[in-house]
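As provided, input-v6.txt (compact mmCIF, C-alpha atoms (C1' of nucleotides)) reads as follows.
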# COMPACT_ATOMS: atom_id res chain seq x y z
CA MET A 21 -21.40 -3.76 -20.81
CA PHE A 22 -22.28 -4.17 -24.46
CA SER A 23 -22.87 -1.27 -26.82
CA ALA A 24 -26.40 -0.03 -27.34
CA ASP A 25 -26.20 -0.76 -31.05
CA LEU A 26 -25.29 -4.34 -30.44
CA LYS A 27 -28.29 -4.80 -28.18
CA ARG A 28 -30.67 -3.20 -30.60
CA GLY A 29 -31.53 -6.29 -32.52
CA SER A 30 -32.00 -8.59 -29.58
CA MET A 31 -33.76 -6.72 -26.79
CA GLU A 32 -37.16 -7.95 -27.86
CA LEU A 33 -35.94 -11.49 -28.34
CA LEU A 34 -34.33 -11.59 -24.90
CA ILE A 35 -37.46 -10.31 -23.21
CA LEU A 36 -39.76 -12.59 -25.19
CA SER A 37 -37.63 -15.59 -24.31
CA SER A 38 -37.81 -14.69 -20.62
CA LEU A 39 -41.59 -15.00 -20.81
CA GLU A 40 -41.57 -18.38 -22.50
CA GLY A 41 -43.89 -20.66 -20.55
CA CYS A 42 -44.37 -18.31 -17.63
CA THR A 43 -45.62 -14.98 -16.40
CA ARG A 44 -43.35 -12.28 -15.05
CA HIS A 45 -43.41 -8.63 -14.14
CA GLY A 46 -41.05 -6.03 -15.59
CA TYR A 47 -38.57 -5.69 -12.79
CA GLU A 48 -38.35 -9.45 -12.52
CA ILE A 49 -37.58 -9.81 -16.23
CA GLY A 50 -34.72 -7.36 -15.94
CA LYS A 51 -33.20 -9.13 -12.96
CA LEU A 52 -33.69 -12.54 -14.52
CA LEU A 53 -31.93 -11.60 -17.74
CA GLU A 54 -29.09 -9.99 -15.85
CA HIS A 55 -28.73 -13.19 -13.89
CA ARG A 56 -29.01 -15.51 -16.89
CA SER A 57 -26.33 -13.53 -18.69
CA GLY A 58 -24.02 -13.88 -15.73
CA GLY A 59 -24.19 -10.14 -15.11
CA GLN A 60 -23.00 -9.32 -18.60
CA LEU A 61 -26.30 -7.78 -19.55
CA GLU A 62 -27.46 -4.66 -17.75
CA PHE A 63 -30.98 -3.55 -18.31
CA ARG A 64 -31.86 0.13 -18.14
CA VAL A 65 -35.31 0.63 -16.69
CA SER A 66 -36.32 3.11 -19.34
CA THR A 67 -35.36 0.67 -22.04
CA LEU A 68 -36.92 -2.32 -20.37
CA TYR A 69 -40.32 -0.77 -19.79
CA SER A 70 -40.49 0.96 -23.14
CA VAL A 71 -39.83 -2.35 -24.86
CA LEU A 72 -42.58 -3.97 -22.79
CA TYR A 73 -45.07 -1.23 -23.67
CA ARG A 74 -44.13 -1.49 -27.33
CA MET A 75 -44.57 -5.23 -27.37
CA GLU A 76 -47.92 -5.04 -25.62
CA GLU A 77 -49.09 -2.43 -28.11
CA ARG A 78 -48.14 -4.82 -30.88
CA GLY A 79 -50.02 -7.62 -29.23
CA TRP A 80 -46.99 -9.79 -28.54
CA ILE A 81 -47.54 -9.81 -24.79
CA LYS A 82 -50.42 -9.10 -22.46
CA GLY A 83 -50.03 -7.38 -19.11
CA ARG A 84 -52.17 -7.85 -16.02
CA TRP A 85 -51.98 -5.61 -12.95
CA VAL A 86 -51.84 -7.35 -9.62
CA GLU A 87 -52.23 -5.47 -6.37
CA LYS A 88 -52.05 -7.45 -3.16
CA LYS A 89 -51.86 -5.85 0.23
CA GLY A 90 -48.39 -6.01 1.64
CA GLU A 91 -47.00 -6.00 -1.88
CA ARG A 92 -46.14 -3.37 -4.44
CA ARG A 93 -48.30 -3.14 -7.52
CA ARG A 94 -46.86 -5.11 -10.37
CA CYS A 95 -47.78 -5.72 -13.97
CA TYR A 96 -47.38 -9.34 -14.92
CA TYR A 97 -46.82 -10.08 -18.57
CA LYS A 98 -47.43 -13.22 -20.56
CA LEU A 99 -46.89 -14.15 -24.18
CA THR A 100 -49.85 -14.05 -26.53
CA ARG A 101 -50.22 -16.52 -29.39
CA LYS A 102 -48.76 -13.91 -31.66
CA GLY A 103 -45.91 -13.36 -29.24
CA GLU A 104 -45.12 -17.05 -29.27
CA ARG A 105 -44.90 -16.99 -33.04
CA ILE A 106 -42.75 -13.88 -33.00
CA LEU A 107 -40.45 -15.55 -30.49
CA VAL A 108 -40.01 -18.55 -32.75
CA ASP A 109 -39.35 -16.31 -35.73
CA GLN A 110 -36.95 -14.00 -33.92
CA ARG A 111 -35.04 -16.89 -32.41
CA LYS A 112 -34.66 -18.40 -35.86
CA GLU A 113 -33.61 -15.08 -37.37
CA TRP A 114 -31.10 -14.48 -34.58
CA LYS A 115 -29.54 -17.92 -34.99
CA ALA A 116 -29.20 -17.45 -38.74
CA PHE A 117 -27.85 -13.95 -38.34
CA SER A 118 -25.30 -14.73 -35.65
CA THR A 119 -24.10 -17.79 -37.52
CA MET A 120 -23.73 -15.76 -40.69
CA VAL A 121 -21.82 -12.95 -39.00
CA ASN A 122 -19.51 -15.38 -37.28
CA GLN A 123 -18.75 -16.98 -40.61
CA VAL A 124 -18.18 -13.73 -42.43
CA ILE A 125 -15.95 -12.14 -39.81
CA GLY A 126 -14.03 -15.36 -39.27
CA VAL A 127 -10.44 -15.15 -40.39
CA SER A 128 -10.67 -18.05 -42.81
CA HIS A 129 -10.73 -16.15 -46.08
CA ALA A 130 -7.35 -17.32 -47.34
CA MET B 13 -33.03 -10.29 -45.47
CA PHE B 14 -32.30 -9.46 -41.86
CA SER B 15 -33.94 -6.64 -39.97
CA ALA B 16 -32.20 -3.29 -39.83
CA ASP B 17 -32.05 -3.40 -36.05
CA LEU B 18 -30.28 -6.72 -36.07
CA LYS B 19 -27.64 -5.37 -38.40
CA ARG B 20 -27.07 -2.29 -36.37
CA GLY B 21 -24.47 -3.70 -34.09
CA SER B 22 -22.42 -5.46 -36.71
CA MET B 23 -22.24 -3.28 -39.82
CA GLU B 24 -18.96 -1.73 -38.78
CA LEU B 25 -17.50 -5.05 -37.76
CA LEU B 26 -18.43 -6.67 -41.06
CA ILE B 27 -16.90 -3.86 -43.06
CA LEU B 28 -13.78 -3.70 -40.94
CA SER B 29 -13.27 -7.42 -41.30
CA SER B 30 -13.56 -7.14 -45.08
CA LEU B 31 -10.57 -4.80 -45.04
CA GLU B 32 -8.38 -7.02 -42.93
CA GLY B 33 -5.04 -7.37 -44.67
CA CYS B 34 -6.13 -5.74 -47.90
CA THR B 35 -7.38 -2.64 -49.64
CA ARG B 36 -10.80 -2.40 -51.20
CA HIS B 37 -13.18 0.18 -52.59
CA GLY B 38 -16.74 0.65 -51.36
CA TYR B 39 -18.65 -1.15 -54.04
CA GLU B 40 -16.26 -4.07 -53.80
CA ILE B 41 -16.77 -4.34 -50.04
CA GLY B 42 -20.52 -4.54 -50.52
CA LYS B 43 -20.31 -7.24 -53.14
CA LEU B 44 -17.71 -9.18 -51.18
CA LEU B 45 -19.81 -9.27 -48.02
CA GLU B 46 -22.89 -10.28 -49.97
CA HIS B 47 -20.89 -13.09 -51.46
CA ARG B 48 -19.29 -14.19 -48.20
CA SER B 49 -22.68 -14.32 -46.55
CA GLY B 50 -24.00 -16.52 -49.30
CA GLY B 51 -26.35 -13.79 -50.42
CA GLN B 52 -27.98 -13.53 -47.01
CA LEU B 53 -26.63 -10.05 -46.45
CA GLU B 54 -27.77 -7.24 -48.70
CA PHE B 55 -25.95 -3.97 -48.46
CA ARG B 56 -27.78 -0.75 -49.16
CA VAL B 57 -25.51 1.73 -50.86
CA SER B 58 -26.58 4.59 -48.63
CA THR B 59 -25.76 2.53 -45.57
CA LEU B 60 -22.51 1.20 -46.91
CA TYR B 61 -21.03 4.52 -47.85
CA SER B 62 -22.25 6.35 -44.79
CA VAL B 63 -20.59 3.73 -42.60
CA LEU B 64 -17.39 4.13 -44.58
CA TYR B 65 -17.43 7.93 -44.21
CA ARG B 66 -18.14 7.59 -40.51
CA MET B 67 -15.30 5.18 -40.01
CA GLU B 68 -12.88 7.34 -41.94
CA GLU B 69 -13.91 10.36 -39.87
CA ARG B 70 -13.14 8.34 -36.75
CA GLY B 71 -9.78 7.37 -38.14
CA TRP B 72 -10.50 3.65 -38.38
CA ILE B 73 -9.90 3.52 -42.11
CA LYS B 74 -8.14 5.69 -44.66
CA GLY B 75 -9.42 6.21 -48.20
CA ARG B 76 -7.37 6.91 -51.31
CA TRP B 77 -8.87 7.98 -54.62
CA VAL B 78 -7.65 6.18 -57.70
CA GLU B 79 -8.47 7.34 -61.19
CA LYS B 80 -7.15 5.36 -64.11
CA LYS B 81 -8.23 5.91 -67.69
CA GLY B 82 -10.60 3.26 -68.86
CA GLU B 83 -11.76 2.79 -65.28
CA ARG B 84 -14.26 4.48 -63.02
CA ARG B 85 -12.98 6.53 -60.14
CA ARG B 86 -12.86 4.53 -56.96
CA CYS B 87 -11.93 5.20 -53.38
CA TYR B 88 -9.82 2.43 -51.93
CA TYR B 89 -9.92 2.02 -48.19
CA LYS B 90 -7.46 0.40 -45.85
CA LEU B 91 -7.42 -0.14 -42.12
CA THR B 92 -5.44 2.24 -39.95
CA ARG B 93 -3.64 1.08 -36.83
CA LYS B 94 -6.59 2.29 -34.84
CA GLY B 95 -8.94 0.44 -37.16
CA GLU B 96 -7.03 -2.76 -36.59
CA ARG B 97 -7.42 -2.37 -32.86
CA ILE B 98 -11.11 -1.57 -33.20
CA LEU B 99 -11.55 -4.67 -35.35
CA VAL B 100 -9.96 -6.84 -32.69
CA ASP B 101 -12.12 -5.26 -29.99
CA GLN B 102 -15.35 -5.45 -31.96
CA ARG B 103 -14.72 -9.02 -32.96
CA LYS B 104 -14.17 -9.93 -29.33
CA GLU B 105 -17.26 -8.00 -28.22
CA TRP B 106 -19.36 -9.63 -30.91
CA LYS B 107 -18.23 -13.13 -29.97
CA ALA B 108 -19.00 -12.50 -26.31
CA PHE B 109 -22.33 -10.92 -27.10
CA SER B 110 -23.55 -13.56 -29.53
CA THR B 111 -22.47 -16.35 -27.20
CA MET B 112 -24.28 -14.68 -24.32
CA VAL B 113 -27.48 -14.14 -26.27
CA ASN B 114 -27.46 -17.70 -27.54
CA GLN B 115 -27.13 -18.93 -23.97
CA VAL B 116 -29.83 -16.69 -22.59
CA ILE B 117 -32.40 -17.39 -25.28
CA GLY B 118 -31.61 -21.10 -25.30
CA VAL B 119 -34.45 -23.24 -24.04
CA SER B 120 -32.47 -24.85 -21.26
CA HIS B 121 -33.89 -22.99 -18.27
CA ALA B 122 -35.69 -25.94 -16.73
C1' DG C 21 -25.52 3.09 -83.05
C1' DC C 22 -27.95 2.97 -79.00
C1' DA C 23 -30.57 1.09 -75.22
C1' DA C 24 -30.11 -1.52 -71.17
C1' DT C 25 -27.45 -3.04 -67.41
C1' DA C 26 -23.69 -2.98 -64.13
C1' DT C 27 -20.47 -0.27 -61.83
C1' DG C 28 -19.28 3.47 -58.53
C1' DC C 29 -20.26 7.25 -55.50
C1' DT C 30 -23.17 11.25 -53.05
C1' DT C 31 -26.71 13.53 -50.34
C1' DC C 32 -30.95 14.17 -47.75
C1' DG C 33 -34.70 13.16 -44.67
C1' DC C 34 -37.16 9.75 -41.91
C1' DG C 35 -38.45 6.34 -38.41
C1' DT C 36 -36.95 3.35 -34.92
C1' DT C 37 -34.82 2.56 -30.70
C1' DA C 38 -31.66 2.34 -26.45
C1' DC C 39 -30.58 5.44 -23.10
C1' DG C 40 -30.09 9.17 -19.46
C1' DA C 41 -32.48 11.89 -16.31
C1' DA C 42 -35.92 12.88 -13.32
C1' DG C 43 -39.82 11.56 -10.88
C1' DT C 44 -43.39 8.75 -7.91
C1' DA C 45 -44.35 5.30 -4.49
C1' DT C 46 -44.10 1.22 -1.38
C1' DC C 47 -41.55 -2.16 1.45
C1' DG C 48 -37.78 -4.00 4.51
C1' DT C 49 -34.15 -3.13 7.73
C1' DC C 50 -30.90 -1.07 10.82
C1' DG D 16 -36.77 7.51 10.32
C1' DA D 17 -33.00 7.22 7.04
C1' DC D 18 -31.50 4.26 3.53
C1' DG D 19 -31.62 0.88 0.04
C1' DA D 20 -34.21 -2.31 -2.77
C1' DT D 21 -38.32 -2.85 -5.30
C1' DA D 22 -41.56 -1.30 -9.05
C1' DC D 23 -43.12 1.65 -12.59
C1' DT D 24 -43.61 6.26 -15.67
C1' DT D 25 -42.47 9.89 -18.88
C1' DC D 26 -39.71 12.78 -21.79
C1' DG D 27 -36.09 14.29 -24.78
C1' DT D 28 -31.93 12.98 -27.38
C1' DA D 29 -28.55 10.92 -30.46
C1' DA D 30 -27.28 7.35 -33.49
C1' DC D 31 -28.00 4.59 -37.28
C1' DG D 32 -29.93 1.81 -41.26
C1' DC D 33 -32.56 2.84 -45.06
C1' DG D 34 -35.34 4.64 -49.10
C1' DA D 35 -35.21 7.84 -52.67
C1' DA D 36 -33.19 10.51 -55.89
C1' DG D 37 -29.39 11.80 -58.36
C1' DC D 38 -24.83 11.85 -61.22
C1' DA D 39 -21.45 9.60 -64.06
C1' DT D 40 -18.91 6.02 -66.66
C1' DA D 41 -18.10 1.20 -68.58
C1' DT D 42 -19.94 -3.06 -70.69
C1' DT D 43 -23.07 -5.86 -73.05
C1' DG D 44 -26.69 -7.04 -76.44
C1' DC D 45 -29.72 -6.04 -80.19
Please go through the file and, once you have read it, give me the structure as structure tokens.
Amino acid sequence: MFSADLKRGSMELLILSSLEGCTRHGYEIGKLLEHRSGGQLEFRVSTLYSVLYRMEERGWIKGRWVEKKGERRRCYYKLTRKGERILVDQRKEWKAFSTMVNQVIGVSHA
Amino acid sequence: MFSADLKRGSMELLILSSLEGCTRHGYEIGKLLEHRSGGQLEFRVSTLYSVLYRMEERGWIKGRWVEKKGERRRCYYKLTRKGERILVDQRKEWKAFSTMVNQVIGVSHA
DNA sequence: GCAATATGCTTCGCGTTACGAAGTATCGTC
DNA sequence: GACGATACTTCGTAACGCGAAGCATATTGC
């Protein structure tokens, strides 16, 4: 399990990327990301949903409630145009940042 | 400039790594990391020093005040044994985390 | 000689955010 | 009908990066 501080900068990015090109509900997003990370990432429900609410408030994603009989009620989220742009930006920022950190903390400062 | 949240998980690691095998004072650490990052990283003084105080309180680093005439007073920090271990751990955690995130947000989920 | 700039450190309050805890409710299965 | 998985909600807390303001000394340029 990674430290909360480490996750801070990438929660949104991870969730946004899970919605790229498809529609998913909250619980599904959590399970998917846990799976894609090979179990390394554990999502806390309180964190997961609060991030989703925050992103919807900001207009990055749009939720739609679906209630079918024989199924639990679920809120399916999809990226908005804005969300797609934010995803591109955040992915770029993450790549630049992680590359930079890896360079700086590398041992090659002889 | 990277977002504050992104930096959250790596401030300590960056500073620890700047003290690997040498002794430096606060201002110097800031400038060094800005330089090593090619100017991408900007250190806020309030952040920099508060991280240093925190790390000293935790016993990761040890500061020593030096006052020479003709020079400003400076506090030189060095890694403690514990700090060296933390650096190793944090570096490992960072590598694992950044690799994981890069995999998960990669577009190859066809 | 004196202003401007760089160096070097300190303290305080704020806003954001991941998390724990507790709760509600439905569905499958043994 | 007990138990676990599914699915979502709300609230309070602690940690941390940062802006702002301040203090003090050295160097540079006019």
Could you list, as a PDB file with C-alpha atoms (C1' of nucleotides), keeping the file's coordinate frame, every residue within 7 Å of B:Arg86, counting only C-alpha atoms (C1' of nucleotides) and ignoring same-chain residues fewer than 4 positions away?
ATOM      1  CA  HIS B  37     -13.180   0.180 -52.590  1.00  0.00           C
ATOM      2  CA  TRP B  77      -8.870   7.980 -54.620  1.00  0.00           C
ATOM      3  CA  VAL B  78      -7.650   6.180 -57.700  1.00  0.00           C
ATOM      4  CA  GLU B  79      -8.470   7.340 -61.190  1.00  0.00           C
TER       5      GLU B  79
ATOM      6  C1'  DG C  28     -19.280   3.470 -58.530  1.00  0.00           C
TER       7       DG C  28
END
Need to verify the contact set: D:DT24, 12 Å, all atoms listed in the file, exclusion of same-chain residues closer than 3 positions in sequence. Can you return it as a PyMOL selection string?
(chain A and resi 65-70+73) or (chain C and resi 42-45)
So, counting all atoms listed in the file, which residue among A:Arg93, A:Leu72, A:Gly79, A:Phe63 is closest to C:DC47?
A:Arg93
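Atom C1' of C:DT25 is found 10.3 Å from atom C1' of D:DA41.
When atom CA of B:Asp17 is paired with atom CA of B:Trp72, their separation reads 22.8 Å.
Compared by their closest atoms to chain D, and using all atoms listed in the file, the residues B:Gly42, B:Gly75, B:Gly21, B:Gly118 rank with B:Gly21 nearest.
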For chain A against chain B, which residues fall within 7 Å using all atoms listed in the file, given as a list in words?
Asp25, Leu26, Arg28, Gly29, Ser30, Leu34, Ser37, Arg56, Ser57, Ser118, Met120, Val124 and Ile125 of chain A
Selection from above, C-alpha atoms, as a PDB file, in the coordinates of the input, can you write it?
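Output (selection_31.pdb):
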ATOM      1  CA  ASP A  25     -26.200  -0.760 -31.050  1.00  0.00           C
ATOM      2  CA  LEU A  26     -25.290  -4.340 -30.440  1.00  0.00           C
ATOM      3  CA  ARG A  28     -30.670  -3.200 -30.600  1.00  0.00           C
ATOM      4  CA  GLY A  29     -31.530  -6.290 -32.520  1.00  0.00           C
ATOM      5  CA  SER A  30     -32.000  -8.590 -29.580  1.00  0.00           C
ATOM      6  CA  LEU A  34     -34.330 -11.590 -24.900  1.00  0.00           C
ATOM      7  CA  SER A  37     -37.630 -15.590 -24.310  1.00  0.00           C
ATOM      8  CA  ARG A  56     -29.010 -15.510 -16.890  1.00  0.00           C
ATOM      9  CA  SER A  57     -26.330 -13.530 -18.690  1.00  0.00           C
ATOM     10  CA  SER A 118     -25.300 -14.730 -35.650  1.00  0.00           C
ATOM     11  CA  MET A 120     -23.730 -15.760 -40.690  1.00  0.00           C
ATOM     12  CA  VAL A 124     -18.180 -13.730 -42.430  1.00  0.00           C
ATOM     13  CA  ILE A 125     -15.950 -12.140 -39.810  1.00  0.00           C
TER      14      ILE A 125
END
Please, which residues in chain D fall within 12 Å of chain B when counting all atoms listed in the file, and what is the closest atom pair and distance in Å to one decimal for each, ordered by chain then residue number, as JSON lines?
{"residue": "D:DA30", "atom": "C1'", "partner": "B:Arg20", "partner_atom": "CA", "distance": 10.1}
{"residue": "D:DC31", "atom": "C1'", "partner": "B:Arg20", "partner_atom": "CA", "distance": 7.0}
{"residue": "D:DG32", "atom": "C1'", "partner": "B:Ala16", "partner_atom": "CA", "distance": 5.8}
{"residue": "D:DC33", "atom": "C1'", "partner": "B:Thr59", "partner_atom": "CA", "distance": 6.8}
{"residue": "D:DG34", "atom": "C1'", "partner": "B:Ser58", "partner_atom": "CA", "distance": 8.8}
{"residue": "D:DA35", "atom": "C1'", "partner": "B:Ser58", "partner_atom": "CA", "distance": 10.1}
{"residue": "D:DA36", "atom": "C1'", "partner": "B:Ser58", "partner_atom": "CA", "distance": 11.5}
{"residue": "D:DA39", "atom": "C1'", "partner": "B:Arg84", "partner_atom": "CA", "distance": 8.9}
{"residue": "D:DT40", "atom": "C1'", "partner": "B:Arg84", "partner_atom": "CA", "distance": 6.1}
{"residue": "D:DA41", "atom": "C1'", "partner": "B:Glu83", "partner_atom": "CA", "distance": 7.3}
{"residue": "D:DT42", "atom": "C1'", "partner": "B:Glu83", "partner_atom": "CA", "distance": 11.4}
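The interatomic distance for the pair atom CA of B:Glu24 and atom C1' of C:DC34 works out to 21.7 Å.
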Dump as CSV the rows for residues of chain C within 12 Å of chain B: closest atom pair and distance in Å with one decimal, all atoms listed in the file counted, ordered by chain and rising residue number.
residue,atom,partner,partner_atom,distance
C:DA26,C1',B:Tyr39,CA,11.4
C:DT27,C1',B:Arg84,CA,7.9
C:DG28,C1',B:Tyr39,CA,6.5
C:DC29,C1',B:Arg86,CA,8.0
C:DT30,C1',B:Ser58,CA,8.7
C:DT31,C1',B:Ser58,CA,9.1
C:DC32,C1',B:Ser58,CA,10.6
C:DG35,C1',B:Ala16,CA,11.6
C:DT36,C1',B:Asp17,CA,8.4
C:DT37,C1',B:Asp17,CA,8.5
C:DA38,C1',B:Asp17,CA,11.2
Mind checking which residues fall within 12 Å of D:DG44, counting all atoms listed in the file, ignoring those fewer than 4 positions away in the same chain, and posting them as a compact mmCIF listing (two decimals) with C-alpha atoms (C1' of nucleotides), keeping the file's coordinate frame?
# COMPACT_ATOMS: atom_id res chain seq x y z
C1' DC C 22 -27.95 2.97 -79.00
C1' DA C 23 -30.57 1.09 -75.22
C1' DA C 24 -30.11 -1.52 -71.17
C1' DT C 25 -27.45 -3.04 -67.41
Incomplete stretch 36-48 of chain B brought to N, CA and C atoms, written out as a JSON list (two decimals), keeping the file's coordinate frame:
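The new file rebuild.json reads:
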[["chain", "number", "residue", "atom", "x", "y", "z"],
["B", 36, "ARG", "N", -9.63, -2.22, -50.33],
["B", 36, "ARG", "CA", -10.80, -2.40, -51.20],
["B", 36, "ARG", "C", -11.58, -1.10, -51.34],
["B", 37, "HIS", "N", -12.30, -0.98, -52.43],
["B", 37, "HIS", "CA", -13.18, 0.18, -52.59],
["B", 37, "HIS", "C", -14.60, -0.21, -52.18],
["B", 38, "GLY", "N", -15.42, 0.82, -51.94],
["B", 38, "GLY", "CA", -16.74, 0.65, -51.36],
["B", 38, "GLY", "C", -17.61, -0.40, -52.03],
["B", 39, "TYR", "N", -17.80, -0.23, -53.29],
["B", 39, "TYR", "CA", -18.65, -1.15, -54.04],
["B", 39, "TYR", "C", -18.17, -2.59, -53.88],
["B", 40, "GLU", "N", -16.88, -2.75, -53.93],
["B", 40, "GLU", "CA", -16.26, -4.07, -53.80],
["B", 40, "GLU", "C", -16.57, -4.69, -52.43],
["B", 41, "ILE", "N", -16.49, -3.87, -51.41],
["B", 41, "ILE", "CA", -16.77, -4.34, -50.04],
["B", 41, "ILE", "C", -18.20, -4.88, -49.95],
["B", 42, "GLY", "N", -19.13, -4.11, -50.52],
["B", 42, "GLY", "CA", -20.52, -4.54, -50.52],
["B", 42, "GLY", "C", -20.71, -5.89, -51.19],
["B", 43, "LYS", "N", -20.16, -5.99, -52.38],
["B", 43, "LYS", "CA", -20.31, -7.24, -53.14],
["B", 43, "LYS", "C", -19.63, -8.40, -52.42],
["B", 44, "LEU", "N", -18.46, -8.13, -51.88],
["B", 44, "LEU", "CA", -17.71, -9.18, -51.18],
["B", 44, "LEU", "C", -18.51, -9.73, -50.00],
["B", 45, "LEU", "N", -19.07, -8.83, -49.21],
["B", 45, "LEU", "CA", -19.81, -9.27, -48.02],
["B", 45, "LEU", "C", -21.09, -10.00, -48.41],
["B", 46, "GLU", "N", -21.72, -9.55, -49.48],
["B", 46, "GLU", "CA", -22.89, -10.28, -49.97],
["B", 46, "GLU", "C", -22.50, -11.70, -50.37],
["B", 47, "HIS", "N", -21.37, -11.78, -51.02],
["B", 47, "HIS", "CA", -20.89, -13.09, -51.46],
["B", 47, "HIS", "C", -20.50, -13.99, -50.29],
["B", 48, "ARG", "N", -19.75, -13.41, -49.36],
["B", 48, "ARG", "CA", -19.29, -14.19, -48.20],
["B", 48, "ARG", "C", -20.43, -14.65, -47.33]]
